[in-house]
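Enquirer: Please see the structure below; I have some questions.
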Amino acid sequence: MAFLRSAVWRVFSAVRPPLSPLCRTSTRSYSSEPTKEKSVPYEKTLKQEDGASSGPTKPLPRSADAVVIGGGSLGCQTIYHLAKMGMTNVVLLERDRLTAGTTWHTAGLLWQLRPSDVEVELLAHTRNVISKDLEEETGLHTGWIQNGGLFIASNKQRLDEYKRLMSLGKVYGIESHVLSPAETKDLYPLMNVDDLYGTLYVPKDGTMDPAGTCTTLTRAATARGATVIENCPVTGIQVRTDDIGVKRVKAVETQHGTIETPCVVNCAGVWATKLGEMARVKVPLIAMHHAYVVTERIEGIQNMPNVRDHDASVYLRLQGDALSVGGYERNPIFWDEVSDKFAFSLFDLDWDVFMQHIEGAVNRVPALEQTGIKSTVCGPESFTADHKPLMGETPEVRGFFLGCGFNSAGMMLGGGCGRELAHWIIHGRPEKDMYGYDIRRFHNSLTDNKRWIRERSHESYAKNYSLVFPFDEPLASRNMRKDPFHQVDTNCFCCTVLRMCGCFQVLTEQGCMFQERHGWERPGWFNKEGPAPVKDYDYYGAYDVKRNEKYKYDELLGQEYTFDFPPHHDVIKNECLSCRHSVAVFDMSYFGKFYLTGPDAKKAADWLFTADVNKKPGTTVYTCMLNKRGRSEADLTVSRLEPGVANLPLAPEFSGDAYYLAIGGGVAEHNWNHIKTVLQDQGFRCQLTDHSENMGMISIQGPKSREVLQEVLDTDLSNEAFPFSSHKVVIAAGHQVRAMRLSFVGELGWELHIPKDSCLPVYRAVMAAGAKHGIINSGYRAIDSLSIEKGYRHWHADLRPDDTPLEAGLAFTCKLKSSVPFQGRDMLEKQKKEGLKRRIVCFTTDEKVPMFGLEAIYRNGVPVGHLRRADYGFYIDKTIGYGYIRNPDGGVVSANFIKSGEFTLERMGVVYKAKAHLKSPFDPENKRVKGIYD
């Protein structure tokens with residue numbers, strides 16, 4: 001390898017003198033000033049050749065229904081789709097020329113297969129727009145080239161990942177083929193296949209041209225009435241506060257005039273953060289240098305497919321008779337001082353950083369070792385904490401939308417995301433499940449945390465080409481939010497030295513392997529070999545940061561890097577079966593805990609929640625919340641409170657009606673903002689208060705839970721005195737708690753919602769009382785298994801914003817038999833009348849095979865859907881999966897349609913017989929939650 005590096009370096013040095021290293025401002029922060037434009041691999045750019053204009057290319061209108069800011073891929077796609085959906089009084093403002101920021105130098109690759117059903121659909125729309133729709137509308141060719149795509153696998157695990165993509169692709173009709181090394185050589189004669197395990201070939205992948213695409217998009221948009229104005233920098237965003245104190249967009253300011261508008265769309269790429277600051281909106285992204293080089297002519301490379309060698313972290317893009325070579329490094333260069341004057345400009349390429357891609361490329365296509373470099377392209381790109389875009393209406397200002405942070409995939413995702421963003425603006429919500437891109441997926445405490453943005457964005461960038469395993473966790477910016485059960489108090493002498501108070505027996509010290517959700521550390525599973533704490537981020541050794549040594553958490557996480565059952569499969573099994581046979585305690589403190597109070601609280605509750613939550617005080621109800629389209633925005637429990645003296649955080653001050661909302665912690669920000677938006681839009685006089693941080697929550701579940709808690713709580717826990725779906729404030733070990741009789745695993749059990757300072761004493765009392773019953777701590781990996789076994793829905797897996805409660809089997813949560821209106825009711829009534837064209841179905845297999853979701857579902861040999869979620873059910877000893885299926889004929893998916901079909905599931909190209917269930921295969925009569933154990 002050392003010889004290869006030196007040989008390659010000699011070749012490239014002969015072609016081009018090595019460039020000076022960039023100035024390193026610190027061990028972790030690099031920056032550079034933009035340099036002159038270099039050649040890019042396109043026939044043209046949209047740069048104005050005769051110098052920049054002194055003013056805007058068109059007069060500014062006084063007002064517009066929406067103003068899109070930024071003339072790159074996303075801005076052009078958004079205004080095109082807005083106009084196509086009928087909103088024609090829209091304006092796009094570009095500070096320079098179209099594509100001037102980052103779009104003009106993009107590689108423009110489009111791959112159709114991704115490990116996400118939603119992304120597959122978004123990519124399919126982009127491909128249709130670029131390859132067909134725009135040319136039909138305008139008569140112009142966008143520059144689309146369909147030369148195919150080839151994914152390289154150097155090991156079995158990588159090929160297994162590709163086989164998962166292939167199975168998912170079959171559901172969407174995407175042609176793909178797994179090729180042997182010999183078949184790959186026949187397809188791509190210049191490729192070195194000696195170290196290959198196999199490849200995945202997708203014939204209809206291709207390449208987009210940024211200039212051609214954006215020109216055609218804006219031509220089509222203006223033909224429909226939209227206005228595109230270049231050379232018009234935005235200098236300010238006016239925000240007004242309405243009569244109820246809500247901040248809303250008022251106008252966009254420029255040096256050449258002001259446009260009154262209720263809607264701004266921030267498509268400003270790496271400049272999106274600065275644009276957000278004009279409206280005091282947080283935009284959590286960071287700019288980095290992202291580079292590729294363009295080779296001289298390579299004989300025999302013509303018509304070859306584009307290549308992604310993930311294990312070498314490199315791509316090879318066909319460029320006529322040459323290749324563009326780029327990838328993702330472990331040590332990318334941050335651009336900390338983002339310049340407003342940067343347009344059609346590039347950075348000098350840092351060869352020390354880029355050289356790793358050359359080595360991988362030469363290994364894959366040896367002819368590159370004797371090929372010169374025609375040009376280098378190193379420009380800025382915006383990256384985010386989870387390598388996914390930032391989209392949707394912002395929490396801070398109504399009418400301010402994001403369409404940025406595309407992690408160098410703005411061309412590829414632009415068509416699908418532009419359409420969804422346009423639908424979001426016009427109709428209030430997107431059509432597809434865009435939660436993974438929604439800005440509200442991040443908690444508000446994180447979105448302006450510079451350490452979190454920097455560390456997470458680095459890790460996401462560095463791991464972009466890594467295998468996507470089902471149970472991976474980030475290492476960057478951990479321990480941001482910790483509950484009282486997390487670890488020993490290092491400032492407590494009694495804990496650390498005398499060990500008198502028992503705090504040393506909390507979760508970290510008991511071997512908890514934590515998962516990160518919404519910034520919270522929540523229990524995943526419990527390692528029997530002792531503590532495995534999460535350490536500070538080491539940047540994988542980049543930037544001269546010392547790697548963490550003897551890092552137990554990282555080692556255990558590495559054991560999760562498999563598509564098989566992990567080594568600790570039996571540990572999770574024990575946690576599950578202890579809950580089924582005896583008793584287990586689950587720390588669920590990361591849950592969102594809100595109070596809804598005020599004069600219109602009852603009206604708001606009736607409108608917000610699909611279920612009738614206005615039962616007698618002391619009742620808890622499981623319910624959904626919908627959007628106007630009748631699609632699900634959340635599932636949660638709502639408890640109607642008893643009037644009484646305020647006792648925060650357990651009871652708020654209120655008169656009239658009040659409700660306590662317990663919401664999955666990973667979606668707390670999304671739920672909070674959805675509720676606030678509905679309250680604002682409906683004009684309800686209500687207050688929503690958040691007590692998530694000052695309350696903990698443990699859930700004690702299993703046949704022995706009543707016996708354990710009867711020793712701890714000062715109340716009768718019998719069915720008559722404390723029935724299922726009820727709650728009350730009680731004393732636990734001398735501390736007030738709110739006890740709720742609920743179950744998320746299908747067992748007898750209670751949740752204890754506990755003031756923060758009382759958490760540890762109550763926890764210790766529960767563990768002491770449960771010792772003789774064999775009580776154990778269990779984590780969310782057990783919850784995943786137990787809940788799927790029982791058939792309980794998980795948000796954003798079994799239940800998403802593109803599902804209705806009827807499709808999800810949650811009709812029982814909807815008060816359709818009453819006359820009480822609620823948001824989305826009209827759409828549900830229509831769907832119920834017409835019949836379900838898709839619905840969720842449970843599947844089990846007799847073969848003990850690991851499945852994780854995305855597996856294709858076949859009915860009588862025809863693909864009808866894919867699994868959303870899958871796990872192993874230890875009590876019934878079977879693999880279980882849930883997925884939505886459709887009737888290939890477009891008809892209703894009836895019970896008879898399900899019963900009469902023969903189903904199979906395809907996992908990594910292998911087909912398994914499956915049994916479809918209309919009810920949960922575990923305790924379908926719900927006896928156990930009622931405390932009935934035969």
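In the structure tokens, chains take letters A, B, ... by order of appearance, with residues numbered from 1 within each chain and ligands from 1 in the order shown.
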Find the residues around Leu74 (chain A) up to 8 Å (only C-alpha atoms counted), leave out those fewer than 5 positions away in its own chain, and share them as JSON, numbers by chain.

Expert: {"A": [267, 403, 404, 410, 411, 414, 415, 417, 418]}

Enquirer: Please provide the set of residues having any atom within 9 Å of Asp564 (chain A), restricted to only C-alpha atoms, with same-chain residues fewer than 6 positions apart removed, written as an MDAnalysis selection string.

Expert: chainID A and resid 849:851

Enquirer: Near Asp133 (chain A), within 12 Å and counting only C-alpha atoms, which residues show up once chain neighbours fewer than 5 positions away are dropped, as a PyMOL selection string?

Expert: chain A and resi 80-81+84+125-128+138-142+144+213+216-217+220+415

Enquirer: Which of these, A:Ser725, A:Thr879, A:Thr106, A:Asn860, has the shortest distance to Lys930 (chain A) once you count only C-alpha atoms?

Expert: A:Ser725

Enquirer: So that I can check the surroundings of Lys274 (chain A), please list as a PDB file with N, CA, C and O atoms, in the first residue's frame every protein, DNA and RNA residue that reaches within 10 Å of it, counting only C-alpha atoms and ignoring chain neighbours fewer than 6 positions away.

Expert:
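Output file result_37.pdb is given in full below:
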```
ATOM      1  N   ALA A 268     -31.168  28.144   0.695  1.00  0.00           N
ATOM      2  CA  ALA A 268     -29.907  28.863   0.497  1.00  0.00           C
ATOM      3  C   ALA A 268     -28.664  28.006   0.709  1.00  0.00           C
ATOM      4  O   ALA A 268     -27.559  28.546   0.756  1.00  0.00           O
ATOM      5  N   ARG A 280     -34.348  35.078  13.023  1.00  0.00           N
ATOM      6  CA  ARG A 280     -34.117  34.456  14.323  1.00  0.00           C
ATOM      7  C   ARG A 280     -34.624  33.011  14.343  1.00  0.00           C
ATOM      8  O   ARG A 280     -35.266  32.566  15.289  1.00  0.00           O
ATOM      9  N   VAL A 281     -34.288  32.311  13.282  1.00  0.00           N
ATOM     10  CA  VAL A 281     -34.621  30.899  13.127  1.00  0.00           C
ATOM     11  C   VAL A 281     -33.321  30.095  13.133  1.00  0.00           C
ATOM     12  O   VAL A 281     -32.348  30.471  12.478  1.00  0.00           O
ATOM     13  N   LYS A 282     -33.308  28.999  13.882  1.00  0.00           N
ATOM     14  CA  LYS A 282     -32.122  28.154  13.970  1.00  0.00           C
ATOM     15  C   LYS A 282     -32.099  27.154  12.811  1.00  0.00           C
ATOM     16  O   LYS A 282     -33.074  26.446  12.580  1.00  0.00           O
ATOM     17  N   VAL A 283     -30.977  27.122  12.108  1.00  0.00           N
ATOM     18  CA  VAL A 283     -30.807  26.196  10.987  1.00  0.00           C
ATOM     19  C   VAL A 283     -29.545  25.373  11.264  1.00  0.00           C
ATOM     20  O   VAL A 283     -28.431  25.823  11.001  1.00  0.00           O
ATOM     21  N   VAL A 338     -18.152  31.297   6.408  1.00  0.00           N
ATOM     22  CA  VAL A 338     -18.893  31.243   5.148  1.00  0.00           C
ATOM     23  C   VAL A 338     -18.988  32.650   4.551  1.00  0.00           C
ATOM     24  O   VAL A 338     -19.474  33.576   5.191  1.00  0.00           O
ATOM     25  N   ASP A 340     -20.271  35.568   1.977  1.00  0.00           N
ATOM     26  CA  ASP A 340     -21.424  35.953   1.170  1.00  0.00           C
ATOM     27  C   ASP A 340     -21.030  36.263  -0.276  1.00  0.00           C
ATOM     28  O   ASP A 340     -21.883  36.315  -1.156  1.00  0.00           O
TER      29      ASP A 340
END
```

Enquirer: Applying 9 Å and only C-alpha atoms, which residues near Val129 (chain A) remain after dropping the ones on its own chain fewer than 5 positions away? List them as a ChimeraX atom specification.

Expert: /A:124,134-135,415-416

Enquirer: Find, counting only C-alpha atoms, the residue in A:Ala361, A:Leu556, A:Cys814, A:Leu402 that gets nearest to Asp472 (chain A).

Expert: A:Leu556

Enquirer: To one decimal place, how far is CA of Val585 (chain A) from CA of His486 (chain A) in Å?

Expert: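 The value is 14.1 Å.
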
Enquirer: Write out as a tab-separated table a residue-level contact list of region 823-903 of chain A versus region 619-630 of chain A with cut-off 12 Å: for each qualifying residue the closest pair of atoms and the distance in Å to one decimal, counting only C-alpha atoms, rows sorted by chain and residue number upward.

Expert:
```
residue	atom	partner	partner_atom	distance
A:Gln823	CA	A:Lys628	CA	5.9
A:Gly824	CA	A:Gly630	CA	3.9
A:Arg825	CA	A:Gly630	CA	6.5
A:Asp826	CA	A:Gly630	CA	7.6
A:Met827	CA	A:Gly630	CA	5.2
A:Leu828	CA	A:Gly630	CA	5.9
A:Glu829	CA	A:Gly630	CA	9.4
A:Lys830	CA	A:Gly630	CA	9.8
A:Gln831	CA	A:Gly630	CA	9.2
A:Lys832	CA	A:Gly630	CA	11.5
```

Enquirer: For Lys815 (chain A), which residue out of A:Asp612, A:Gln77, A:Ser582, A:Ala367 is the nearest one, using only C-alpha atoms?

Expert: A:Asp612

Enquirer: I need the residues of region 340-519 of chain A that end up classed as strand (DSSP E or B) by DSSP on the backbone, written out as a ChimeraX atom specification.

Expert: /A:346,373-384,390-393,398,400-404,438,481,512-517

Enquirer: Could the residues in this selection be saved with N, CA, C and O atoms as a compact mmCIF listing (two decimals), in the first residue's frame?

Expert:
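Final output, saved to result-v3.txt:
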```
# COMPACT_ATOMS: atom_id res chain seq x y z
N LEU A 346 -14.30 28.17 -6.16
CA LEU A 346 -13.86 26.90 -5.61
C LEU A 346 -12.69 27.12 -4.67
O LEU A 346 -12.04 28.17 -4.68
N ILE A 373 -4.76 14.24 -14.48
CA ILE A 373 -5.88 15.00 -13.92
C ILE A 373 -6.13 16.22 -14.80
O ILE A 373 -5.23 17.02 -15.04
N LYS A 374 -7.37 16.35 -15.26
CA LYS A 374 -7.73 17.50 -16.08
C LYS A 374 -8.11 18.69 -15.22
O LYS A 374 -7.77 19.84 -15.54
N SER A 375 -8.84 18.46 -14.14
CA SER A 375 -9.24 19.56 -13.27
C SER A 375 -9.57 19.04 -11.89
O SER A 375 -9.86 17.85 -11.70
N THR A 376 -9.49 19.93 -10.91
CA THR A 376 -9.91 19.62 -9.54
C THR A 376 -11.10 20.50 -9.20
O THR A 376 -11.17 21.66 -9.61
N VAL A 377 -12.04 19.94 -8.48
CA VAL A 377 -13.25 20.66 -8.09
C VAL A 377 -13.44 20.49 -6.60
O VAL A 377 -13.74 19.39 -6.12
N CYS A 378 -13.23 21.54 -5.84
CA CYS A 378 -13.40 21.50 -4.39
C CYS A 378 -14.27 22.69 -3.99
O CYS A 378 -13.84 23.83 -4.03
N GLY A 379 -15.52 22.40 -3.66
CA GLY A 379 -16.45 23.45 -3.32
C GLY A 379 -17.13 23.20 -1.99
O GLY A 379 -16.96 22.14 -1.39
N PRO A 380 -17.91 24.15 -1.52
CA PRO A 380 -18.61 23.97 -0.25
C PRO A 380 -19.89 23.17 -0.43
O PRO A 380 -20.57 23.27 -1.45
N GLU A 381 -20.23 22.39 0.57
CA GLU A 381 -21.52 21.70 0.65
C GLU A 381 -22.00 21.80 2.09
O GLU A 381 -21.19 21.94 3.03
N SER A 382 -23.30 21.73 2.28
CA SER A 382 -23.86 21.80 3.63
C SER A 382 -24.16 20.40 4.14
O SER A 382 -24.67 19.55 3.40
N PHE A 383 -23.85 20.18 5.41
CA PHE A 383 -24.04 18.87 6.02
C PHE A 383 -24.77 19.02 7.36
O PHE A 383 -24.65 20.05 8.04
N THR A 384 -25.50 17.98 7.72
CA THR A 384 -26.34 18.03 8.91
C THR A 384 -25.98 16.91 9.88
O THR A 384 -25.18 16.02 9.57
N LEU A 390 -32.89 19.28 5.92
CA LEU A 390 -33.72 20.05 6.84
C LEU A 390 -34.88 20.61 6.04
O LEU A 390 -34.69 21.40 5.12
N MET A 391 -36.10 20.20 6.40
CA MET A 391 -37.27 20.63 5.64
C MET A 391 -38.43 20.98 6.57
O MET A 391 -38.43 20.62 7.75
N GLY A 392 -39.39 21.70 6.06
CA GLY A 392 -40.61 21.97 6.78
C GLY A 392 -40.66 23.33 7.43
O GLY A 392 -39.69 24.10 7.43
N GLU A 393 -41.82 23.64 7.99
CA GLU A 393 -42.02 24.91 8.68
C GLU A 393 -41.26 24.91 10.00
O GLU A 393 -41.31 23.94 10.75
N ARG A 398 -43.83 31.00 12.03
CA ARG A 398 -44.78 30.43 11.08
C ARG A 398 -44.56 31.06 9.70
O ARG A 398 -44.32 32.26 9.57
N PHE A 400 -42.07 30.31 7.75
CA PHE A 400 -40.66 30.23 7.37
C PHE A 400 -40.33 28.74 7.18
O PHE A 400 -40.32 27.98 8.15
N PHE A 401 -40.10 28.35 5.93
CA PHE A 401 -39.87 26.95 5.60
C PHE A 401 -38.40 26.71 5.25
O PHE A 401 -37.72 27.59 4.71
N LEU A 402 -37.95 25.50 5.54
CA LEU A 402 -36.59 25.10 5.20
C LEU A 402 -36.60 24.10 4.05
O LEU A 402 -37.46 23.21 3.99
N GLY A 403 -35.62 24.25 3.17
CA GLY A 403 -35.36 23.28 2.12
C GLY A 403 -33.87 23.28 1.86
O GLY A 403 -33.40 23.69 0.80
N CYS A 404 -33.10 22.85 2.86
CA CYS A 404 -31.65 23.01 2.82
C CYS A 404 -30.98 21.84 3.55
O CYS A 404 -31.63 20.93 4.04
N ASP A 438 -37.91 16.35 8.53
CA ASP A 438 -38.59 17.46 9.19
C ASP A 438 -37.68 18.09 10.25
O ASP A 438 -37.12 17.38 11.09
N ARG A 481 -28.50 14.77 27.01
CA ARG A 481 -29.65 14.82 27.92
C ARG A 481 -29.68 13.50 28.68
O ARG A 481 -29.78 12.42 28.08
N CYS A 512 -25.69 -0.81 31.43
CA CYS A 512 -26.64 -0.36 30.41
C CYS A 512 -25.92 0.06 29.13
O CYS A 512 -24.97 0.85 29.16
N MET A 513 -26.37 -0.49 28.01
CA MET A 513 -25.94 -0.03 26.69
C MET A 513 -26.99 0.97 26.21
O MET A 513 -28.11 0.59 25.86
N PHE A 514 -26.62 2.23 26.22
CA PHE A 514 -27.59 3.27 25.94
C PHE A 514 -27.79 3.47 24.44
O PHE A 514 -26.87 3.29 23.63
N GLN A 515 -29.00 3.88 24.09
CA GLN A 515 -29.33 4.38 22.76
C GLN A 515 -29.54 5.89 22.87
O GLN A 515 -29.93 6.39 23.93
N GLU A 516 -29.29 6.59 21.77
CA GLU A 516 -29.53 8.04 21.76
C GLU A 516 -30.78 8.34 20.95
O GLU A 516 -30.91 7.91 19.80
N ARG A 517 -31.71 9.06 21.58
CA ARG A 517 -32.91 9.49 20.88
C ARG A 517 -33.25 10.92 21.32
O ARG A 517 -33.44 11.17 22.51
```

Enquirer: Can you list, as a short mmCIF file (atom, residue, chain, number, x, y, z; two decimals) with all heavy atoms, in the first residue's frame, every protein, DNA or RNA residue that comes within 10 Å of Leu168 (chain A) when you count only C-alpha atoms, leaving out same-chain residues fewer than 4 positions away?

Expert:
```cif
data_model
loop_
_atom_site.label_atom_id
_atom_site.label_comp_id
_atom_site.auth_asym_id
_atom_site.auth_seq_id
_atom_site.Cartn_x
_atom_site.Cartn_y
_atom_site.Cartn_z
N LEU A 113 -31.65 3.21 -5.51
CA LEU A 113 -31.87 2.35 -4.34
C LEU A 113 -31.19 2.92 -3.11
O LEU A 113 -29.98 3.22 -3.13
CB LEU A 113 -31.36 0.93 -4.61
CG LEU A 113 -32.14 0.15 -5.67
CD1 LEU A 113 -31.54 -1.23 -5.87
CD2 LEU A 113 -33.61 0.03 -5.28
N ARG A 114 -31.95 3.06 -2.04
CA ARG A 114 -31.46 3.52 -0.74
C ARG A 114 -32.13 2.67 0.33
O ARG A 114 -33.21 2.12 0.11
CB ARG A 114 -31.83 5.00 -0.52
CG ARG A 114 -31.33 5.94 -1.60
CD ARG A 114 -30.01 6.55 -1.27
NE ARG A 114 -30.14 7.70 -0.39
CZ ARG A 114 -29.25 8.67 -0.29
NH1 ARG A 114 -28.18 8.64 -1.03
NH2 ARG A 114 -29.41 9.67 0.55
N PRO A 115 -31.55 2.59 1.53
CA PRO A 115 -32.16 1.79 2.60
C PRO A 115 -33.30 2.50 3.30
O PRO A 115 -33.38 2.57 4.51
CB PRO A 115 -30.97 1.55 3.54
CG PRO A 115 -30.09 2.72 3.36
CD PRO A 115 -30.21 3.09 1.91
N SER A 116 -34.22 3.06 2.51
CA SER A 116 -35.39 3.79 3.02
C SER A 116 -36.44 3.79 1.93
O SER A 116 -36.17 4.22 0.80
CB SER A 116 -35.02 5.22 3.40
OG SER A 116 -36.17 6.05 3.44
N ASP A 117 -37.65 3.32 2.24
CA ASP A 117 -38.70 3.29 1.23
C ASP A 117 -39.07 4.70 0.77
O ASP A 117 -39.32 4.94 -0.42
CB ASP A 117 -39.92 2.54 1.74
CG ASP A 117 -40.51 3.14 3.02
OD1 ASP A 117 -39.78 3.85 3.74
OD2 ASP A 117 -41.69 2.89 3.30
N VAL A 120 -36.48 6.01 -1.67
CA VAL A 120 -36.65 5.37 -2.97
C VAL A 120 -37.75 6.09 -3.76
O VAL A 120 -37.61 6.34 -4.97
CB VAL A 120 -36.98 3.87 -2.80
CG1 VAL A 120 -37.43 3.25 -4.13
CG2 VAL A 120 -35.76 3.11 -2.27
N TYR A 162 -26.62 -4.84 -0.08
CA TYR A 162 -27.11 -4.60 -1.43
C TYR A 162 -28.28 -5.51 -1.76
O TYR A 162 -29.22 -5.11 -2.46
CB TYR A 162 -25.98 -4.82 -2.44
CG TYR A 162 -24.83 -3.85 -2.33
CD1 TYR A 162 -23.60 -4.14 -2.90
CD2 TYR A 162 -24.97 -2.64 -1.66
CE1 TYR A 162 -22.54 -3.26 -2.81
CE2 TYR A 162 -23.92 -1.75 -1.55
CZ TYR A 162 -22.69 -2.08 -2.14
OH TYR A 162 -21.64 -1.20 -2.04
N LYS A 163 -28.25 -6.74 -1.26
CA LYS A 163 -29.37 -7.65 -1.49
C LYS A 163 -30.63 -7.15 -0.80
O LYS A 163 -31.74 -7.36 -1.30
CB LYS A 163 -29.01 -9.06 -1.02
CG LYS A 163 -27.97 -9.77 -1.89
CD LYS A 163 -27.62 -11.13 -1.31
CE LYS A 163 -26.60 -11.86 -2.18
NZ LYS A 163 -26.22 -13.17 -1.60
N ARG A 164 -30.47 -6.52 0.36
CA ARG A 164 -31.63 -5.91 1.02
C ARG A 164 -32.22 -4.81 0.13
O ARG A 164 -33.43 -4.69 0.00
CB ARG A 164 -31.23 -5.30 2.37
CG ARG A 164 -30.81 -6.30 3.42
CD ARG A 164 -30.63 -5.61 4.76
NE ARG A 164 -31.92 -5.37 5.38
CZ ARG A 164 -32.22 -4.29 6.12
NH1 ARG A 164 -31.32 -3.34 6.30
NH2 ARG A 164 -33.42 -4.16 6.66
N TYR A 172 -40.91 -1.69 -5.77
CA TYR A 172 -41.12 -0.46 -6.53
C TYR A 172 -40.83 -0.64 -8.02
O TYR A 172 -40.82 0.35 -8.77
CB TYR A 172 -40.25 0.65 -5.97
CG TYR A 172 -40.69 1.11 -4.60
CD1 TYR A 172 -40.10 0.62 -3.44
CD2 TYR A 172 -41.75 2.00 -4.47
CE1 TYR A 172 -40.52 1.02 -2.19
CE2 TYR A 172 -42.18 2.42 -3.22
CZ TYR A 172 -41.56 1.92 -2.08
OH TYR A 172 -42.00 2.32 -0.84
N GLY A 173 -40.60 -1.86 -8.44
CA GLY A 173 -40.36 -2.11 -9.85
C GLY A 173 -39.03 -1.61 -10.36
O GLY A 173 -38.89 -1.33 -11.56
N ILE A 174 -38.04 -1.48 -9.48
CA ILE A 174 -36.71 -1.01 -9.89
C ILE A 174 -35.85 -2.21 -10.27
O ILE A 174 -35.59 -3.09 -9.44
CB ILE A 174 -36.05 -0.21 -8.75
CG1 ILE A 174 -36.88 1.04 -8.44
CG2 ILE A 174 -34.62 0.18 -9.13
CD1 ILE A 174 -36.40 1.80 -7.24
N GLY A 853 -37.00 -5.23 8.74
CA GLY A 853 -37.76 -4.26 7.99
C GLY A 853 -37.16 -4.07 6.62
O GLY A 853 -35.98 -4.34 6.39
N LEU A 854 -37.97 -3.63 5.66
CA LEU A 854 -37.66 -3.44 4.24
C LEU A 854 -37.75 -4.73 3.44
O LEU A 854 -37.59 -4.70 2.21
CB LEU A 854 -36.28 -2.80 4.02
CG LEU A 854 -36.03 -1.44 4.66
CD1 LEU A 854 -34.66 -0.91 4.23
CD2 LEU A 854 -37.11 -0.43 4.27
N GLU A 855 -38.03 -5.88 4.08
CA GLU A 855 -38.18 -7.12 3.34
C GLU A 855 -39.45 -7.06 2.48
O GLU A 855 -40.49 -6.56 2.92
CB GLU A 855 -38.27 -8.32 4.29
CG GLU A 855 -36.98 -8.63 5.02
CD GLU A 855 -36.70 -7.77 6.23
OE1 GLU A 855 -37.62 -6.98 6.61
OE2 GLU A 855 -35.61 -7.86 6.81
N ALA A 856 -39.35 -7.56 1.25
CA ALA A 856 -40.48 -7.52 0.32
C ALA A 856 -41.55 -8.53 0.73
O ALA A 856 -41.25 -9.63 1.19
CB ALA A 856 -40.01 -7.81 -1.10
N ILE A 857 -42.83 -8.13 0.56
CA ILE A 857 -43.97 -8.99 0.84
C ILE A 857 -44.60 -9.39 -0.49
O ILE A 857 -44.92 -8.54 -1.32
CB ILE A 857 -45.03 -8.27 1.70
CG1 ILE A 857 -44.42 -7.75 3.00
CG2 ILE A 857 -46.21 -9.20 1.99
CD1 ILE A 857 -45.36 -6.81 3.76
N PRO A 863 -45.42 -8.93 -5.75
CA PRO A 863 -45.07 -8.01 -4.65
C PRO A 863 -46.23 -7.08 -4.32
O PRO A 863 -46.81 -6.44 -5.21
CB PRO A 863 -43.87 -7.23 -5.19
CG PRO A 863 -43.94 -7.37 -6.68
CD PRO A 863 -44.60 -8.70 -6.94
N GLY A 865 -46.07 -5.17 -1.09
CA GLY A 865 -45.63 -4.24 -0.05
C GLY A 865 -44.30 -4.68 0.52
O GLY A 865 -43.61 -5.54 -0.04
N HIS A 866 -43.95 -4.07 1.64
CA HIS A 866 -42.71 -4.44 2.33
C HIS A 866 -42.91 -4.28 3.83
O HIS A 866 -43.81 -3.56 4.28
CB HIS A 866 -41.54 -3.58 1.86
CG HIS A 866 -41.67 -2.14 2.22
ND1 HIS A 866 -42.39 -1.24 1.46
CD2 HIS A 866 -41.20 -1.42 3.27
CE1 HIS A 866 -42.34 -0.04 2.02
NE2 HIS A 866 -41.65 -0.12 3.12
N LEU A 867 -42.09 -4.98 4.60
CA LEU A 867 -42.17 -4.87 6.04
C LEU A 867 -41.68 -3.51 6.50
O LEU A 867 -40.62 -3.04 6.07
CB LEU A 867 -41.35 -5.96 6.72
CG LEU A 867 -41.80 -7.42 6.52
CD1 LEU A 867 -40.92 -8.35 7.35
CD2 LEU A 867 -43.26 -7.61 6.86
N GLU A 906 -39.34 -11.80 1.21
CA GLU A 906 -38.01 -11.91 0.61
C GLU A 906 -36.99 -11.15 1.43
O GLU A 906 -37.11 -9.93 1.62
CB GLU A 906 -38.00 -11.39 -0.82
CG GLU A 906 -36.62 -11.53 -1.48
CD GLU A 906 -36.59 -11.05 -2.91
OE1 GLU A 906 -37.59 -11.25 -3.63
OE2 GLU A 906 -35.54 -10.48 -3.31
N ARG A 907 -36.00 -11.86 1.91
CA ARG A 907 -34.90 -11.28 2.69
C ARG A 907 -33.59 -11.52 1.95
O ARG A 907 -33.19 -12.65 1.75
CB ARG A 907 -34.85 -11.91 4.08
CG ARG A 907 -33.65 -11.50 4.91
CD ARG A 907 -33.54 -12.37 6.16
NE ARG A 907 -32.42 -11.98 6.99
CZ ARG A 907 -31.19 -12.49 6.88
NH1 ARG A 907 -30.92 -13.40 5.95
NH2 ARG A 907 -30.22 -12.09 7.68
N MET A 908 -32.97 -10.45 1.51
CA MET A 908 -31.68 -10.54 0.83
C MET A 908 -31.72 -11.53 -0.34
O MET A 908 -30.79 -12.31 -0.55
CB MET A 908 -30.58 -10.94 1.81
CG MET A 908 -30.38 -9.95 2.94
SD MET A 908 -29.06 -10.47 4.05
CE MET A 908 -29.14 -9.19 5.29
N GLY A 909 -32.82 -11.49 -1.09
CA GLY A 909 -32.93 -12.34 -2.26
C GLY A 909 -33.44 -13.74 -1.99
O GLY A 909 -33.70 -14.49 -2.94
#
```
